[in-house]
file run_1.txt (compact mmCIF, C-alpha atoms)
# COMPACT_ATOMS: atom_id res chain seq x y z
CA MET C 1 0.00 0.00 0.00
CA HIS C 2 2.84 2.39 0.81
CA HIS C 3 4.39 2.14 -2.66
CA TYR C 4 0.99 2.33 -4.34
CA CYS C 5 0.01 5.52 -2.52
CA GLN C 6 3.49 6.96 -2.96
CA ALA C 7 3.09 6.57 -6.70
CA LEU C 8 -0.23 8.36 -6.53
CA GLY C 9 1.05 11.04 -4.19
CA ILE C 10 -1.84 10.58 -1.75
CA GLN C 11 -2.64 8.91 1.55
CA PRO C 12 -4.64 5.62 1.59
CA TRP C 13 -7.76 7.18 3.06
CA GLU C 14 -7.77 9.82 0.33
CA LEU C 15 -8.25 7.32 -2.48
CA ARG C 16 -12.01 7.67 -2.31
CA LYS C 17 -11.87 11.45 -2.55
CA LYS C 18 -9.13 11.93 -5.12
CA GLN C 19 -10.14 9.99 -8.23
CA THR C 20 -7.16 10.72 -10.46
CA ALA C 21 -6.70 9.26 -13.92
CA THR C 22 -3.99 7.01 -12.42
CA VAL C 23 -6.44 5.54 -9.92
CA GLU C 24 -9.17 5.05 -12.49
CA SER C 25 -6.82 3.23 -14.88
CA SER C 26 -5.33 0.96 -12.20
CA ASP C 27 -5.29 -2.63 -13.31
CA TRP C 28 -6.18 -5.57 -11.14
CA GLU C 29 -2.60 -6.53 -10.35
CA MET C 30 -1.71 -3.05 -9.14
CA LEU C 31 -4.80 -2.99 -6.95
CA ARG C 32 -4.10 -6.47 -5.60
CA GLN C 33 -0.56 -5.48 -4.68
CA ALA C 34 -1.83 -2.33 -2.97
CA VAL C 35 -4.18 -4.41 -0.82
CA ALA C 36 -1.48 -6.96 0.02
CA GLN C 37 0.92 -4.21 1.14
CA CYS C 38 -1.64 -2.11 3.01
CA THR C 39 -0.79 -1.00 6.55
CA ALA C 40 -3.29 1.88 6.72
CA CYS C 41 -5.08 0.56 9.82
CA SER C 42 -4.18 -1.65 12.77
CA LEU C 43 -5.71 -4.79 11.24
CA HIS C 44 -2.50 -5.47 9.32
CA GLN C 45 -0.88 -6.33 12.66
CA THR C 46 -3.15 -9.31 13.30
CA ARG C 47 -3.95 -10.66 9.83
CA THR C 48 -2.48 -13.82 8.37
CA GLN C 49 -2.98 -12.41 4.88
CA THR C 50 -5.26 -10.01 3.05
CA VAL C 51 -8.42 -11.26 1.35
CA PHE C 52 -8.68 -9.43 -1.96
CA GLY C 53 -11.63 -10.92 -3.81
CA VAL C 54 -12.38 -13.76 -6.19
CA GLY C 55 -14.34 -14.61 -9.28
CA ASN C 56 -15.18 -13.31 -12.74
CA ARG C 57 -13.75 -9.84 -13.20
CA GLU C 58 -16.37 -9.10 -15.86
CA ALA C 59 -19.29 -10.51 -13.88
CA SER C 60 -22.82 -9.20 -14.24
CA LEU C 61 -23.40 -10.01 -10.55
CA MET C 62 -21.11 -8.85 -7.73
CA LEU C 63 -21.60 -9.87 -4.09
CA ILE C 64 -20.19 -7.82 -1.24
CA GLY C 65 -19.86 -9.17 2.28
CA GLU C 66 -18.61 -7.75 5.55
CA ALA C 67 -15.08 -8.89 6.34
CA PRO C 68 -12.89 -12.00 6.32
CA GLY C 69 -13.36 -14.51 9.11
CA PHE C 70 -10.96 -17.13 10.44
CA HIS C 71 -11.06 -19.42 7.40
CA GLU C 72 -10.89 -16.52 4.95
CA ASP C 73 -7.85 -15.13 6.77
CA GLN C 74 -6.17 -18.53 6.51
CA GLN C 75 -6.99 -19.19 2.86
CA GLY C 76 -6.96 -15.67 1.42
CA GLU C 77 -10.36 -16.06 -0.24
CA PRO C 78 -13.74 -14.57 0.75
CA PHE C 79 -16.61 -16.76 1.90
CA VAL C 80 -15.02 -20.13 2.58
CA GLY C 81 -15.86 -22.54 5.38
CA ARG C 82 -19.49 -23.30 6.25
CA ALA C 83 -20.71 -19.81 5.38
CA GLY C 84 -18.94 -20.03 2.05
CA GLN C 85 -20.52 -23.39 1.29
CA LEU C 86 -23.93 -21.92 1.98
CA LEU C 87 -23.18 -18.91 -0.21
CA THR C 88 -22.19 -21.26 -3.04
CA ALA C 89 -25.54 -23.03 -2.61
CA MET C 90 -27.32 -19.67 -2.65
CA LEU C 91 -25.59 -18.80 -5.91
CA LYS C 92 -26.66 -22.11 -7.44
CA ALA C 93 -30.24 -21.32 -6.44
CA MET C 94 -29.92 -18.25 -8.68
CA GLY C 95 -28.44 -20.31 -11.50
CA PHE C 96 -24.83 -19.20 -10.99
CA GLU C 97 -21.61 -21.05 -10.40
CA ARG C 98 -19.28 -19.36 -7.93
CA LYS C 99 -16.70 -18.68 -10.66
CA GLU C 100 -19.27 -16.75 -12.71
CA VAL C 101 -19.75 -13.95 -10.15
CA TYR C 102 -17.34 -11.64 -8.34
CA ILE C 103 -17.14 -11.75 -4.54
CA ALA C 104 -15.46 -9.19 -2.29
CA ASN C 105 -15.73 -7.75 1.22
CA ILE C 106 -15.97 -4.33 2.85
CA LEU C 107 -12.70 -5.06 4.68
CA LYS C 108 -9.73 -6.90 3.24
CA CYS C 109 -8.36 -7.98 6.65
CA ARG C 110 -9.99 -10.01 9.41
CA PRO C 111 -11.07 -8.05 12.50
CA PRO C 112 -9.89 -9.80 15.70
CA ASN C 113 -12.42 -12.33 16.99
CA ASN C 114 -14.65 -11.52 13.97
CA ARG C 115 -15.90 -8.34 15.61
CA ASP C 116 -17.77 -5.71 13.58
CA PRO C 117 -15.59 -3.39 11.50
CA GLN C 118 -14.75 -0.07 13.15
CA PRO C 119 -15.55 3.18 11.29
CA ILE C 120 -11.87 4.05 10.76
CA GLU C 121 -11.24 0.59 9.29
CA VAL C 122 -14.14 1.00 6.87
CA GLN C 123 -12.94 4.49 5.92
CA THR C 124 -9.41 3.36 5.12
CA CYS C 125 -10.32 0.09 3.38
CA THR C 126 -13.38 0.80 1.23
CA PRO C 127 -11.51 2.77 -1.46
CA PHE C 128 -10.16 -0.63 -2.52
CA LEU C 129 -13.69 -2.01 -2.76
CA GLU C 130 -14.87 1.02 -4.72
CA GLN C 131 -12.09 0.41 -7.24
CA GLN C 132 -13.11 -3.24 -7.54
CA ILE C 133 -16.71 -2.24 -8.24
CA LYS C 134 -15.54 0.18 -10.92
CA LEU C 135 -13.31 -2.43 -12.53
CA VAL C 136 -15.98 -5.15 -12.54
CA SER C 137 -18.78 -2.73 -13.50
CA PRO C 138 -21.51 -5.25 -12.63
CA LYS C 139 -25.13 -5.02 -13.73
CA LEU C 140 -26.25 -5.79 -10.18
CA LEU C 141 -24.72 -5.59 -6.70
CA VAL C 142 -25.84 -7.76 -3.80
CA ALA C 143 -25.08 -6.57 -0.29
CA VAL C 144 -24.65 -9.70 1.82
CA GLY C 145 -25.58 -8.90 5.39
CA ARG C 146 -26.18 -5.87 7.61
CA ILE C 147 -22.67 -4.34 7.59
CA ALA C 148 -22.40 -4.39 3.81
CA ALA C 149 -25.91 -2.99 3.42
CA HIS C 150 -25.22 -0.16 5.86
CA TYR C 151 -22.06 0.90 4.06
CA LEU C 152 -23.28 0.59 0.47
CA LEU C 153 -26.61 2.29 1.16
CA LYS C 154 -25.24 4.85 3.64
CA THR C 155 -27.98 3.92 6.08
CA LYS C 156 -28.51 2.49 9.55
CA SER C 157 -31.90 1.00 8.70
CA SER C 158 -32.61 -2.59 9.68
CA LEU C 159 -31.83 -5.28 7.15
CA GLU C 160 -35.48 -6.25 7.06
CA SER C 161 -36.50 -2.76 6.01
CA VAL C 162 -34.11 -2.66 3.02
CA ARG C 163 -34.76 -6.18 1.70
CA ASN C 164 -36.98 -6.90 -1.31
CA LYS C 165 -36.19 -3.55 -2.95
CA VAL C 166 -33.92 -2.42 -5.75
CA HIS C 167 -31.66 0.35 -4.44
CA GLN C 168 -29.08 2.42 -6.34
CA TYR C 169 -25.37 2.56 -5.59
CA GLY C 170 -22.81 5.18 -6.54
CA GLU C 171 -22.54 7.69 -9.34
CA ASP C 172 -23.52 5.08 -11.91
CA ASN C 173 -26.70 4.20 -9.98
CA THR C 174 -25.84 0.52 -10.10
CA PRO C 175 -28.87 -1.54 -8.98
CA LEU C 176 -28.33 -3.07 -5.54
CA ILE C 177 -30.28 -5.70 -3.60
CA VAL C 178 -29.79 -6.69 0.04
CA THR C 179 -29.98 -10.18 1.49
CA TYR C 180 -28.94 -12.09 4.61
CA HIS C 181 -25.37 -13.08 5.38
CA PRO C 182 -24.92 -16.87 5.17
CA ALA C 183 -23.30 -16.90 8.63
CA TYR C 184 -26.51 -15.35 9.98
CA LEU C 185 -28.59 -17.98 8.18
CA LEU C 186 -26.52 -20.74 9.76
CA ARG C 187 -27.42 -19.31 13.16
CA ASN C 188 -31.02 -18.55 12.19
CA PRO C 189 -32.17 -21.19 9.68
CA VAL C 190 -35.78 -20.02 10.10
CA ASP C 191 -34.90 -17.11 7.78
CA LYS C 192 -33.63 -19.30 4.96
CA LYS C 193 -37.03 -19.09 3.26
CA LYS C 194 -36.79 -15.29 3.21
CA ALA C 195 -33.29 -15.54 1.82
CA PHE C 196 -34.54 -17.82 -0.96
CA LEU C 197 -37.13 -15.18 -1.86
CA ASP C 198 -34.32 -12.62 -2.00
CA LEU C 199 -32.40 -14.85 -4.41
CA GLN C 200 -35.42 -15.21 -6.66
CA PHE C 201 -35.73 -11.42 -6.61
CA VAL C 202 -32.07 -11.08 -7.63
CA ARG C 203 -32.58 -13.47 -10.52
CA ARG C 204 -35.72 -11.69 -11.75
CA THR C 205 -33.96 -8.33 -11.56
CA LEU C 206 -31.03 -9.56 -13.62
CA GLU C 207 -33.31 -11.13 -16.20
CA ARG C 208 -35.35 -7.93 -16.45
CA ASP C 209 -32.23 -5.84 -16.99
call {"tool": "encode", "arguments": {"input": "run_1.txt", "output": "structure tokens"}}
result
Amino acid sequence: MHHYCQALGIQPWELRKKQTATVESSDWEMLRQAVAQCTACSLHQTRTQTVFGVGNREASLMLIGEAPGFHEDQQGEPFVGRAGQLLTAMLKAMGFERKEVYIANILKCRPPNNRDPQPIEVQTCTPFLEQQIKLVSPKLLVAVGRIAAHYLLKTKSSLESVRNKVHQYGEDNTPLIVTYHPAYLLRNPVDKKKAFLDLQFVRRTLERD
């Protein structure tokens, strides 16, 4: 991250504000290296490795979760372990293979003990996510869970109140739908039926577009 920002002449947390031509033309490898080298917040002190993102870089569907957990921190890939297996099943319910979509997180490093991300961590890390969204340029975003929904929609509303609606994200007004996090569904299987309805809604929205 240090060398990346040095080349741009800005601080990490300024990436969101200062959209220079250099930032906009950054390729995936440059962005990946910037994430791997990032020391902008204290999470770099406790991570095993960064978790960049995975999948089809030209995907029509992009899923955004909260932050890496234990297994993600160990393997360097988002949504692995039991939650990842459930997410893969959720994708199949929409007619997608995991490799066909792009998956990323709000944070690229695991918070200790899987706690919620702190505001300063979100502030310093989300410019990376914003660049990923720009590079993928998906037709539809899916916010997976409360933390992702709150950040992407700039709201504190309950997850229930923002489900089953098509929202707009960013300057390009990219359609965005919110659903449950698979880790939540593992703890609360009673809501799996609602999640399935969300997935049907995602599929219909993509087909309509």
call {"tool": "closest_residue", "arguments": {"input": "run_1.txt", "among": "C:Gln74, C:Asn113, C:Gln49, C:Asn56", "to": "Glu97 of chain C", "atoms": "all atoms listed in the file"}}
result
C:Asn56
call {"tool": "atom_distance", "arguments": {"input": "run_1.txt", "atom1": "atom CA of Ala83 of chain C", "atom2": "atom CA of Tyr184 of chain C"}}
result
8.6 Å
call {"tool": "closest_residue", "arguments": {"input": "run_1.txt", "among": "C:Leu152, C:Val51, C:Met94, C:Leu176", "to": "Glu207 of chain C", "atoms": "only C-alpha atoms"}}
result
C:Met94
call {"tool": "atom_distance", "arguments": {"input": "run_1.txt", "atom1": "atom CA of Arg163 of chain C", "atom2": "atom CA of Lys194 of chain C"}}
result
9.5 Å
call {"tool": "residues_around", "arguments": {"input": "run_1.txt", "residues": "Ala104 of chain C", "least_positions_apart": "4", "cutoff": "8 Å", "atoms": "all atoms listed in the file", "output": "PyMOL selection string"}}
result
chain C and resi 52-54+62-65+78+129
call {"tool": "residues_around", "arguments": {"input": "run_1.txt", "residues": "segment 106-108 of chain C", "least_positions_apart": "3", "cutoff": "10 Å", "atoms": "only C-alpha atoms", "output": "PDB file with C-alpha atoms, in the frame of the given file"}}
result
ATOM      1  CA  VAL C  35      -4.180  -4.410  -0.820  1.00  0.00           C
ATOM      2  CA  ALA C  36      -1.480  -6.960   0.020  1.00  0.00           C
ATOM      3  CA  CYS C  38      -1.640  -2.110   3.010  1.00  0.00           C
ATOM      4  CA  LEU C  43      -5.710  -4.790  11.240  1.00  0.00           C
ATOM      5  CA  HIS C  44      -2.500  -5.470   9.320  1.00  0.00           C
ATOM      6  CA  ARG C  47      -3.950 -10.660   9.830  1.00  0.00           C
ATOM      7  CA  GLN C  49      -2.980 -12.410   4.880  1.00  0.00           C
ATOM      8  CA  THR C  50      -5.260 -10.010   3.050  1.00  0.00           C
ATOM      9  CA  VAL C  51      -8.420 -11.260   1.350  1.00  0.00           C
ATOM     10  CA  PHE C  52      -8.680  -9.430  -1.960  1.00  0.00           C
ATOM     11  CA  GLY C  53     -11.630 -10.920  -3.810  1.00  0.00           C
ATOM     12  CA  ILE C  64     -20.190  -7.820  -1.240  1.00  0.00           C
ATOM     13  CA  GLY C  65     -19.860  -9.170   2.280  1.00  0.00           C
ATOM     14  CA  GLU C  66     -18.610  -7.750   5.550  1.00  0.00           C
ATOM     15  CA  ALA C  67     -15.080  -8.890   6.340  1.00  0.00           C
ATOM     16  CA  PRO C  68     -12.890 -12.000   6.320  1.00  0.00           C
ATOM     17  CA  GLU C  72     -10.890 -16.520   4.950  1.00  0.00           C
ATOM     18  CA  ASP C  73      -7.850 -15.130   6.770  1.00  0.00           C
ATOM     19  CA  GLY C  76      -6.960 -15.670   1.420  1.00  0.00           C
ATOM     20  CA  GLU C  77     -10.360 -16.060  -0.240  1.00  0.00           C
ATOM     21  CA  PRO C  78     -13.740 -14.570   0.750  1.00  0.00           C
ATOM     22  CA  PRO C 111     -11.070  -8.050  12.500  1.00  0.00           C
ATOM     23  CA  PRO C 117     -15.590  -3.390  11.500  1.00  0.00           C
ATOM     24  CA  GLU C 121     -11.240   0.590   9.290  1.00  0.00           C
ATOM     25  CA  VAL C 122     -14.140   1.000   6.870  1.00  0.00           C
ATOM     26  CA  GLN C 123     -12.940   4.490   5.920  1.00  0.00           C
ATOM     27  CA  THR C 124      -9.410   3.360   5.120  1.00  0.00           C
ATOM     28  CA  CYS C 125     -10.320   0.090   3.380  1.00  0.00           C
ATOM     29  CA  THR C 126     -13.380   0.800   1.230  1.00  0.00           C
ATOM     30  CA  PRO C 127     -11.510   2.770  -1.460  1.00  0.00           C
ATOM     31  CA  PHE C 128     -10.160  -0.630  -2.520  1.00  0.00           C
ATOM     32  CA  LEU C 129     -13.690  -2.010  -2.760  1.00  0.00           C
ATOM     33  CA  GLU C 130     -14.870   1.020  -4.720  1.00  0.00           C
ATOM     34  CA  ALA C 143     -25.080  -6.570  -0.290  1.00  0.00           C
ATOM     35  CA  ILE C 147     -22.670  -4.340   7.590  1.00  0.00           C
ATOM     36  CA  ALA C 148     -22.400  -4.390   3.810  1.00  0.00           C
ATOM     37  CA  TYR C 151     -22.060   0.900   4.060  1.00  0.00           C
ATOM     38  CA  LEU C 152     -23.280   0.590   0.470  1.00  0.00           C
TER      39      LEU C 152
END
call {"tool": "atom_distance", "arguments": {"input": "run_1.txt", "atom1": "atom CA of Glu58 of chain C", "atom2": "atom CA of Val162 of chain C"}}
result
26.7 Å
call {"tool": "decode", "arguments": {"input": "run_1.txt", "residues": "segment 61-75 of chain C", "atoms": "N, CA and C atoms", "output": "compact mmCIF listing (two decimals), in the first residue's frame"}}
result
# COMPACT_ATOMS: atom_id res chain seq x y z
N LEU C 61 -22.95 -10.00 -11.94
CA LEU C 61 -23.40 -10.01 -10.55
C LEU C 61 -22.18 -9.96 -9.62
N MET C 62 -22.19 -8.99 -8.70
CA MET C 62 -21.11 -8.85 -7.73
C MET C 62 -21.69 -8.88 -6.33
N LEU C 63 -21.15 -9.74 -5.48
CA LEU C 63 -21.60 -9.87 -4.09
C LEU C 63 -20.57 -9.25 -3.16
N ILE C 64 -21.07 -8.50 -2.18
CA ILE C 64 -20.19 -7.82 -1.24
C ILE C 64 -20.58 -8.18 0.18
N GLY C 65 -19.63 -8.79 0.90
CA GLY C 65 -19.86 -9.17 2.28
C GLY C 65 -19.22 -8.18 3.25
N GLU C 66 -19.06 -8.63 4.46
CA GLU C 66 -18.61 -7.75 5.55
C GLU C 66 -17.09 -7.71 5.69
N ALA C 67 -16.51 -8.83 6.08
CA ALA C 67 -15.08 -8.89 6.34
C ALA C 67 -14.65 -10.35 6.39
N PRO C 68 -13.37 -10.62 6.20
CA PRO C 68 -12.89 -12.00 6.32
C PRO C 68 -13.07 -12.52 7.74
N GLY C 69 -13.35 -13.82 7.83
CA GLY C 69 -13.36 -14.51 9.11
C GLY C 69 -12.11 -15.36 9.25
N PHE C 70 -12.13 -16.30 10.17
CA PHE C 70 -10.96 -17.13 10.44
C PHE C 70 -10.51 -17.89 9.20
N HIS C 71 -11.43 -18.60 8.55
CA HIS C 71 -11.06 -19.42 7.40
C HIS C 71 -10.62 -18.57 6.21
N GLU C 72 -11.27 -17.43 6.04
CA GLU C 72 -10.89 -16.52 4.95
C GLU C 72 -9.48 -15.97 5.17
N ASP C 73 -9.17 -15.63 6.41
CA ASP C 73 -7.85 -15.13 6.77
C ASP C 73 -6.78 -16.18 6.51
N GLN C 74 -7.13 -17.45 6.73
CA GLN C 74 -6.17 -18.53 6.51
C GLN C 74 -5.97 -18.84 5.04
N GLN C 75 -7.06 -18.77 4.26
CA GLN C 75 -6.99 -19.19 2.86
C GLN C 75 -6.85 -18.05 1.87
